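Participant: What follows is final-v3.tsv; its format and atoms are TSV, C-alpha atoms.
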```
chain	number	residue	atom	x	y	z
A	1	MET	CA	102.39	135.55	111.15
A	2	THR	CA	101.40	132.34	109.38
A	3	LEU	CA	103.27	129.52	107.64
A	4	ARG	CA	101.61	130.58	104.39
A	5	LYS	CA	103.11	134.09	104.67
A	6	LEU	CA	106.54	132.57	105.30
A	7	GLU	CA	106.09	130.38	102.23
A	8	ILE	CA	105.25	133.53	100.19
A	9	LEU	CA	108.33	135.28	101.58
A	10	CYS	CA	110.61	132.38	100.62
A	11	SER	CA	109.19	132.34	97.09
A	12	PHE	CA	109.59	136.12	96.74
A	13	VAL	CA	113.21	136.09	97.93
A	14	ARG	CA	113.97	133.20	95.58
A	15	THR	CA	112.29	134.72	92.49
A	16	GLY	CA	112.90	138.41	93.29
A	17	SER	CA	109.60	139.37	91.73
A	18	LEU	CA	106.01	139.81	92.85
A	19	VAL	CA	104.78	138.62	89.44
A	20	LYS	CA	106.91	135.44	89.44
A	21	THR	CA	105.92	134.68	93.05
A	22	ALA	CA	102.25	135.09	92.11
A	23	GLU	CA	102.69	132.69	89.16
A	24	GLU	CA	104.54	130.13	91.28
A	25	LEU	CA	101.94	130.12	94.07
A	26	GLN	CA	98.96	130.69	91.75
A	27	LEU	CA	97.92	133.88	93.55
A	28	SER	CA	97.44	137.46	92.39
A	29	SER	CA	100.25	140.02	92.67
A	30	VAL	CA	98.01	142.07	94.93
A	31	SER	CA	97.60	139.11	97.32
A	32	ILE	CA	101.37	138.57	97.39
A	33	HIS	CA	101.99	142.28	98.11
A	34	LYS	CA	99.42	142.31	100.94
A	35	ALA	CA	100.83	139.11	102.48
A	36	LEU	CA	104.39	140.47	102.55
A	37	HIS	CA	103.37	143.76	104.15
A	38	SER	CA	101.18	141.89	106.63
A	39	LEU	CA	104.18	139.73	107.54
A	40	GLU	CA	106.29	142.86	108.01
A	41	ALA	CA	103.65	144.41	110.28
A	42	GLY	CA	103.27	141.19	112.26
A	43	ILE	CA	107.00	140.88	112.95
A	44	GLY	CA	107.35	144.57	113.80
A	45	CYS	CA	110.47	145.46	111.83
A	46	PRO	CA	111.16	146.58	108.24
A	47	LEU	CA	111.68	143.74	105.78
A	48	PHE	CA	111.35	145.50	102.42
A	49	VAL	CA	112.15	148.75	100.73
A	50	LYS	CA	110.66	150.18	97.55
A	51	GLU	CA	113.00	150.89	94.66
A	52	GLY	CA	110.93	152.58	92.01
A	53	ARG	CA	108.02	150.22	91.34
A	54	GLN	CA	109.92	147.21	92.65
A	55	LEU	CA	109.95	145.75	96.17
A	56	LYS	CA	113.39	144.81	97.44
A	57	ALA	CA	114.09	142.46	100.37
A	58	LEU	CA	116.22	143.88	103.17
A	59	PRO	CA	118.86	141.78	105.05
A	60	ALA	CA	116.29	141.01	107.77
A	61	ALA	CA	113.92	139.54	105.13
A	62	LEU	CA	116.76	137.50	103.61
A	63	TYR	CA	117.61	136.06	107.05
A	64	LEU	CA	113.96	135.28	107.80
A	65	ALA	CA	113.51	133.59	104.44
A	66	GLU	CA	116.66	131.48	104.87
A	67	ALA	CA	115.58	130.38	108.36
A	68	SER	CA	112.01	129.77	107.17
A	69	VAL	CA	113.15	127.27	104.51
A	70	ASP	CA	114.34	124.97	107.30
A	71	LEU	CA	111.25	125.68	109.39
A	72	LEU	CA	108.85	124.89	106.53
A	73	GLY	CA	110.82	121.74	105.76
A	74	ASP	CA	110.51	120.62	109.40
A	75	VAL	CA	106.77	121.31	109.36
A	76	GLU	CA	106.33	119.28	106.16
A	77	ARG	CA	108.27	116.35	107.66
A	78	ILE	CA	106.18	116.52	110.83
A	79	LEU	CA	102.93	116.55	108.86
A	80	LYS	CA	104.10	113.67	106.67
A	81	LYS	CA	105.02	111.58	109.72
A	82	THR	CA	101.67	112.45	111.29
A	83	ARG	CA	99.81	111.25	108.17
A	84	THR	CA	101.97	108.13	108.07
A	85	LYS	CA	101.17	107.38	111.73
A	86	ALA	CA	97.50	107.62	110.81
A	87	GLY	CA	98.10	105.34	107.81
A	88	VAL	CA	96.89	108.00	105.36
A	89	GLU	CA	100.09	108.51	103.41
A	90	SER	CA	101.84	105.24	104.08
A	91	GLY	CA	102.60	102.65	101.42
A	92	GLN	CA	102.21	100.04	104.13
A	93	ILE	CA	99.34	98.54	106.06
A	94	ARG	CA	99.46	96.41	109.20
A	95	LEU	CA	96.86	93.63	109.09
A	96	GLY	CA	95.99	91.40	112.05
A	97	SER	CA	94.46	87.95	111.71
A	98	MET	CA	93.66	84.76	113.56
A	99	TYR	CA	95.90	81.78	112.75
A	100	SER	CA	92.97	79.79	111.37
A	101	LEU	CA	92.43	82.28	108.53
A	102	THR	CA	95.98	82.16	107.15
A	103	ALA	CA	95.52	79.00	105.09
A	104	ASN	CA	92.89	80.42	102.72
A	105	ILE	CA	91.09	83.68	103.45
A	106	ILE	CA	93.99	85.97	104.36
A	107	PRO	CA	96.12	85.13	101.29
A	108	ARG	CA	93.10	85.87	99.07
A	109	ILE	CA	92.48	89.21	100.80
A	110	ILE	CA	96.14	90.20	100.57
A	111	MET	CA	96.49	89.22	96.90
A	112	GLY	CA	93.26	90.99	95.92
A	113	THR	CA	94.21	94.14	97.82
A	114	LYS	CA	97.65	94.26	96.19
A	115	ILE	CA	96.02	94.01	92.76
A	116	ARG	CA	94.04	97.11	93.66
A	117	ARG	CA	97.12	98.87	95.12
A	118	PRO	CA	100.27	97.24	93.63
A	119	ASP	CA	102.74	99.40	95.59
A	120	LEU	CA	101.17	98.60	98.95
A	121	ASP	CA	103.19	96.54	101.43
A	122	ILE	CA	101.10	94.47	103.86
A	123	ASP	CA	102.57	93.29	107.16
A	124	LEU	CA	100.67	90.42	108.80
A	125	TYR	CA	100.30	90.08	112.57
A	126	LEU	CA	98.86	86.87	114.04
A	127	GLY	CA	97.27	86.46	117.45
A	128	SER	CA	94.12	85.98	119.46
A	129	ASN	CA	90.95	88.03	119.08
A	130	GLU	CA	91.66	89.79	122.38
A	131	ASP	CA	95.27	90.63	121.55
A	132	LEU	CA	94.50	91.88	118.04
A	133	MET	CA	91.61	94.09	119.16
A	134	LYS	CA	93.87	95.66	121.78
A	135	LYS	CA	96.49	96.38	119.09
A	136	LEU	CA	93.81	97.87	116.84
A	137	TYR	CA	92.53	100.28	119.50
A	138	GLU	CA	96.09	101.27	120.41
A	139	GLY	CA	96.96	102.01	116.78
A	140	ASN	CA	99.63	99.31	116.54
A	141	ILE	CA	97.81	97.67	113.63
A	142	ASP	CA	95.51	99.22	111.02
A	143	ALA	CA	92.88	96.51	110.50
A	144	VAL	CA	91.99	93.02	111.70
A	145	VAL	CA	90.20	90.01	110.25
A	146	ILE	CA	88.81	88.15	113.24
A	147	ALA	CA	85.55	86.97	114.82
A	148	ALA	CA	83.29	89.96	115.44
A	149	PRO	CA	80.92	90.29	118.40
A	150	SER	CA	77.39	89.20	117.52
A	151	ASP	CA	75.86	92.38	118.94
A	152	ASP	CA	78.01	94.93	117.02
A	153	SER	CA	79.01	96.49	120.35
A	154	LEU	CA	82.35	97.93	119.20
A	155	ASP	CA	82.43	101.71	119.59
A	156	GLY	CA	84.24	103.57	116.82
A	157	VAL	CA	84.93	100.42	114.81
A	158	GLU	CA	83.73	99.73	111.27
A	159	VAL	CA	82.74	96.09	110.67
A	160	VAL	CA	82.78	94.57	107.16
A	161	PRO	CA	81.24	91.04	107.25
A	162	LEU	CA	83.16	88.26	105.50
A	163	PHE	CA	81.52	84.90	106.33
A	164	GLU	CA	79.99	82.86	109.14
A	165	ASP	CA	81.45	79.63	110.49
A	166	ASP	CA	80.13	76.96	112.88
A	167	LEU	CA	82.06	74.96	115.47
A	168	TYR	CA	82.36	71.19	115.00
A	169	LEU	CA	83.42	68.38	117.28
A	170	ALA	CA	86.96	67.52	116.19
A	171	SER	CA	88.14	63.96	116.83
A	172	SER	CA	90.92	61.73	115.58
A	173	LYS	CA	89.92	59.33	112.83
A	174	GLY	CA	90.18	56.50	115.35
A	175	SER	CA	87.72	58.18	117.70
A	176	LYS	CA	85.13	59.09	115.11
A	177	PRO	CA	81.62	59.52	116.64
A	178	LYS	CA	79.04	56.99	115.52
A	179	ASP	CA	76.26	59.52	115.00
A	180	SER	CA	76.07	62.06	112.17
A	181	SER	CA	75.59	64.90	114.68
A	182	VAL	CA	76.88	65.24	118.23
A	183	ASP	CA	74.93	65.49	121.46
A	184	LEU	CA	77.48	67.29	123.65
A	185	SER	CA	75.71	66.19	126.83
A	186	GLU	CA	77.13	62.69	126.20
A	187	TYR	CA	80.74	63.95	126.32
A	188	GLU	CA	80.93	65.14	129.93
A	189	PHE	CA	83.77	62.76	130.85
A	190	GLU	CA	85.75	63.01	127.61
A	191	LYS	CA	89.18	64.66	127.49
A	192	PHE	CA	89.23	67.96	125.63
A	193	LEU	CA	91.92	70.25	124.26
A	194	THR	CA	91.42	73.90	123.42
A	195	LEU	CA	93.21	77.15	122.67
A	196	GLN	CA	94.37	79.53	125.35
A	197	ASP	CA	92.03	82.24	126.62
A	198	GLY	CA	91.49	85.25	124.38
A	199	PHE	CA	90.85	83.30	121.17
A	200	ALA	CA	87.39	83.43	119.59
A	201	THR	CA	87.37	79.64	119.24
A	202	THR	CA	88.03	79.28	122.99
A	203	SER	CA	85.05	81.52	123.78
A	204	GLY	CA	82.86	79.50	121.43
A	205	PHE	CA	84.18	76.27	122.94
A	206	TYR	CA	82.96	77.23	126.41
A	207	ASP	CA	79.71	78.70	125.06
A	208	ALA	CA	78.83	75.34	123.50
A	209	PHE	CA	79.48	73.42	126.73
A	210	LYS	CA	77.49	76.00	128.67
A	211	LEU	CA	74.56	75.10	126.42
A	212	ALA	CA	75.25	71.44	127.24
A	213	GLY	CA	75.05	72.23	130.95
A	214	PHE	CA	78.50	71.18	132.16
A	215	LYS	CA	82.11	72.30	132.30
A	216	PRO	CA	84.35	70.31	129.91
A	217	ASN	CA	87.32	68.28	131.10
A	218	VAL	CA	90.11	70.38	129.52
A	219	VAL	CA	93.44	68.58	129.83
A	220	MET	CA	95.54	71.05	127.83
A	221	LYS	CA	95.45	74.54	126.32
A	222	VAL	CA	97.73	75.48	123.42
A	223	GLY	CA	98.75	78.74	121.75
A	224	ASP	CA	97.82	78.13	118.11
A	225	ILE	CA	95.24	76.17	116.19
A	226	PHE	CA	97.76	74.19	114.13
A	227	SER	CA	99.31	72.65	117.24
A	228	LEU	CA	95.83	71.96	118.56
A	229	MET	CA	94.85	70.09	115.39
A	230	ASN	CA	98.01	67.99	115.50
A	231	MET	CA	97.25	66.97	119.08
A	232	VAL	CA	93.66	66.07	118.21
A	233	SER	CA	94.83	64.00	115.23
A	234	SER	CA	97.22	62.16	117.61
A	235	ASP	CA	94.20	61.24	119.76
A	236	MET	CA	95.35	63.27	122.78
A	237	GLY	CA	91.79	64.51	123.18
A	238	ARG	CA	88.88	66.03	121.30
A	239	SER	CA	88.17	69.69	120.65
A	240	LEU	CA	85.65	72.05	119.09
A	241	LEU	CA	87.04	73.64	115.95
A	242	PRO	CA	85.65	76.00	113.28
A	243	GLY	CA	84.71	74.43	109.98
A	244	ARG	CA	87.17	76.61	108.03
A	245	VAL	CA	90.13	74.53	109.24
A	246	LYS	CA	88.63	71.30	107.90
A	247	ALA	CA	90.53	71.71	104.63
A	248	LEU	CA	93.85	71.76	106.49
A	249	MET	CA	93.66	68.37	108.21
A	250	GLY	CA	90.42	66.82	107.04
A	251	ASP	CA	92.27	63.61	106.25
A	252	ALA	CA	93.53	63.25	109.84
A	253	ILE	CA	90.67	64.76	111.85
A	254	GLU	CA	86.97	63.96	111.83
A	255	PHE	CA	84.71	67.03	111.93
A	256	THR	CA	81.22	66.18	113.20
A	257	PRO	CA	78.41	68.77	113.36
A	258	LEU	CA	76.92	69.62	116.74
A	259	GLN	CA	73.21	69.21	117.28
A	260	SER	CA	71.39	72.46	116.60
A	261	LYS	CA	70.77	73.16	120.30
A	262	TYR	CA	74.55	73.40	120.82
A	263	ARG	CA	75.27	75.37	117.67
A	264	VAL	CA	77.84	78.17	118.06
A	265	THR	CA	78.55	80.43	115.08
A	266	GLN	CA	81.52	82.72	114.54
A	267	ARG	CA	80.99	85.83	112.42
A	268	ILE	CA	84.28	86.56	110.66
A	269	ALA	CA	84.74	90.18	109.59
A	270	LEU	CA	87.25	92.85	108.67
A	271	MET	CA	87.35	95.57	111.32
A	272	TYR	CA	89.10	98.94	111.44
A	273	LEU	CA	88.73	102.20	113.32
A	274	GLN	CA	86.15	104.57	111.84
A	275	ALA	CA	88.74	107.34	112.19
A	276	ASN	CA	90.70	105.61	109.39
A	277	GLU	CA	87.80	105.04	107.01
A	278	SER	CA	89.15	107.60	104.48
A	279	ASN	CA	92.53	105.86	104.29
A	280	PRO	CA	92.86	104.61	100.67
A	281	ASN	CA	94.69	101.48	101.84
A	282	ILE	CA	91.84	100.63	104.22
A	283	LEU	CA	89.29	101.35	101.49
A	284	ALA	CA	91.04	98.89	99.16
A	285	LEU	CA	91.13	96.26	101.91
A	286	ALA	CA	87.43	96.78	102.64
A	287	ALA	CA	86.50	96.60	98.96
A	288	GLU	CA	88.30	93.27	98.58
A	289	THR	CA	86.61	91.94	101.72
A	290	ARG	CA	83.16	92.92	100.40
A	291	MET	CA	83.90	91.18	97.10
A	292	LEU	CA	84.91	87.97	98.89
A	293	HIS	CA	81.77	88.23	101.04
A	294	ARG	CA	79.60	88.41	97.91
A	295	ASN	CA	81.43	85.46	96.35
A	296	ASN	CA	80.96	83.37	99.52
A	297	LYS	CA	77.20	83.83	99.53
```
I'd like the structure from this file rewritten - as structure tokens, please.
Facilitator:
Amino acid sequence: MTLRKLEILCSFVRTGSLVKTAEELQLSSVSIHKALHSLEAGIGCPLFVKEGRQLKALPAALYLAEASVDLLGDVERILKKTRTKAGVESGQIRLGSMYSLTANIIPRIIMGTKIRRPDLDIDLYLGSNEDLMKKLYEGNIDAVVIAAPSDDSLDGVEVVPLFEDDLYLASSKGSKPKDSSVDLSEYEFEKFLTLQDGFATTSGFYDAFKLAGFKPNVVMKVGDIFSLMNMVSSDMGRSLLPGRVKALMGDAIEFTPLQSKYRVTQRIALMYLQANESNPNILALAAETRMLHRNNK
């Protein structure tokens, strides 16, 4: 017994004719006849009786058809929910991003994707690299735009490059460095602020000071980059920030390049599970990301 045979039975009981059932399901009358008799044999009780050249459904067939309508409806709902869970049939996509990308890049990606798929709803989730990757692997979000590992070491994850960004020494306007580029080795006793652990900028922050050969004097860690920039602008300490946030507070914060030997680069990319690469919503998101990547070159 198969769901397809039950579907044929329901159609036959509803139409009362092998020919009409065949037309409705786009099958031959012979195929319909064989399926019904196969169903009868599989269940092990009579379902039909022949009246002349016509096949008539018995009470047992009528009961089975009536019950099967509900069963087939439940199966369809289950399959639809399964596809929705996988993001295949959903009119919604859950996108994760770092805070620092919300001022420019993320709005452009969202607007471009909605032009491609006007009926698509996009929910935005903000957090650290670590938190968003965890949500991606657990299926709680569908895609992320964050800093990707430099070695492409993510199993089962598709990476669509967007742009690269360097870290700069961020200082208040009153504490502007005298030199055009910064030698981090001269800042061993300076006060520094940074983001909490798990953020890509925090990892880059410590990578740069590792290149400088000392552990920075971190006096405070905060939970988002906007609070961090406000504290730097108030001269509570310096930080290392990605160049993409310069447009947000460039009038209140001085961004000074690091000397090349301390250079730390973030590779910003769209990432999603390869298992979802046929999802039309993901495909639209990836196409928009590739277009922005070409325009940024």
Participant: In terms of the shortest atom-to-atom distance over only C-alpha atoms, which of A:Ala41, A:Leu27, A:Leu18, A:Met111 is closest to A:Arg4?
Facilitator: A:Leu27
Participant: What gap, in Å, lies between atom CA of A:Ala170 and atom CA of A:Val232?
Facilitator: 7.1 Å
Participant: Stretch 187-247 of chain A near stretch 268-279 of chain A within 12 Å: what's each residue's closest atom pair and its distance in Å to one decimal, counting all atoms listed in the file, ordered by chain then ascending residue number, as a Markdown table?
Facilitator:
```
| residue | atom | partner | partner_atom | distance |
| --- | --- | --- | --- | --- |
| A:Ala200 | CA | A:Ile268 | CA | 10.0 |
| A:Thr201 | CA | A:Ile268 | CA | 11.4 |
| A:Pro242 | CA | A:Ile268 | CA | 11.0 |
| A:Arg244 | CA | A:Ile268 | CA | 10.7 |
```
Participant: May I ask for the distance between atom CA of A:Lys221 and atom CA of A:Ala143, given in Å to one decimal place?
Facilitator: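 Going from atom CA of A:Lys221 over to atom CA of A:Ala143 covers 27.2 Å.
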Participant: Residues of stretch 138-225 of chain A that have any atom at most 8 Å from an atom of stretch 97-108 of chain A: could you tabulate them with the shortest-distance atom pair and the distance in Å to one decimal, using all atoms listed in the file, ordered by chain and increasing number, as JSON lines?
Facilitator:
```
{"residue": "A:Val144", "atom": "CA", "partner": "A:Ser97", "partner_atom": "CA", "distance": 5.6}
{"residue": "A:Val145", "atom": "CA", "partner": "A:Ser97", "partner_atom": "CA", "distance": 5.0}
{"residue": "A:Ile146", "atom": "CA", "partner": "A:Ser97", "partner_atom": "CA", "distance": 5.9}
{"residue": "A:Asp224", "atom": "CA", "partner": "A:Tyr99", "partner_atom": "CA", "distance": 6.8}
{"residue": "A:Ile225", "atom": "CA", "partner": "A:Ser100", "partner_atom": "CA", "distance": 6.4}
```
Participant: Considering all atoms listed in the file, state which residue in the set A:Thr256, A:Lys178, A:Val19, A:Thr2 is at the smallest distance from A:Ser38.
Facilitator: A:Thr2
Participant: Tell me, in Å to one decimal, how far atom CA of A:Val75 is from atom CA of A:Leu3.
Facilitator: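 Separation between atom CA of A:Val75 and atom CA of A:Leu3: 9.1 Å.
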Participant: Counting all atoms listed in the file, select every polymer residue within 9 Å of (82.5, 70.4, 115.1) as defined in the file's coordinates, and provide the selection as a ChimeraX atom specification.
Facilitator: /A:166-171,181-182,239-243,254-258
Participant: Export, as an mmCIF file, in the coordinates of the input, the selected residues with C-alpha atoms.
Facilitator:
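Listing of result.cif after writing:
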```cif
data_model
loop_
_atom_site.group_PDB
_atom_site.id
_atom_site.type_symbol
_atom_site.label_atom_id
_atom_site.label_comp_id
_atom_site.auth_asym_id
_atom_site.auth_seq_id
_atom_site.Cartn_x
_atom_site.Cartn_y
_atom_site.Cartn_z
ATOM 1 C CA ASP A 166 80.130 76.960 112.880
ATOM 2 C CA LEU A 167 82.060 74.960 115.470
ATOM 3 C CA TYR A 168 82.360 71.190 115.000
ATOM 4 C CA LEU A 169 83.420 68.380 117.280
ATOM 5 C CA ALA A 170 86.960 67.520 116.190
ATOM 6 C CA SER A 171 88.140 63.960 116.830
ATOM 7 C CA SER A 181 75.590 64.900 114.680
ATOM 8 C CA VAL A 182 76.880 65.240 118.230
ATOM 9 C CA SER A 239 88.170 69.690 120.650
ATOM 10 C CA LEU A 240 85.650 72.050 119.090
ATOM 11 C CA LEU A 241 87.040 73.640 115.950
ATOM 12 C CA PRO A 242 85.650 76.000 113.280
ATOM 13 C CA GLY A 243 84.710 74.430 109.980
ATOM 14 C CA GLU A 254 86.970 63.960 111.830
ATOM 15 C CA PHE A 255 84.710 67.030 111.930
ATOM 16 C CA THR A 256 81.220 66.180 113.200
ATOM 17 C CA PRO A 257 78.410 68.770 113.360
ATOM 18 C CA LEU A 258 76.920 69.620 116.740
#
```
Participant: Excluding same-chain residues fewer than 6 positions from A:Leu39, what lies within 12 Å of it counting only C-alpha atoms, as a PyMOL selection string?
Facilitator: chain A and resi 1-10+32-33+45-48+61+64-65
Participant: Between A:Ala22, A:Lys114, A:Glu186, A:Thr289, which is the closest to A:Val159 once you count only C-alpha atoms?
Facilitator: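 The closest residue to A:Val159 is A:Thr289.
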Participant: Kindly indicate which residue among A:Leu55, A:Leu126, A:Ala287, A:Ile110 lies nearest to A:Ser17, using all atoms listed in the file for the distances.
Facilitator: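 Looking only at the distances to A:Ser17, the closest residue turns out to be A:Leu55.
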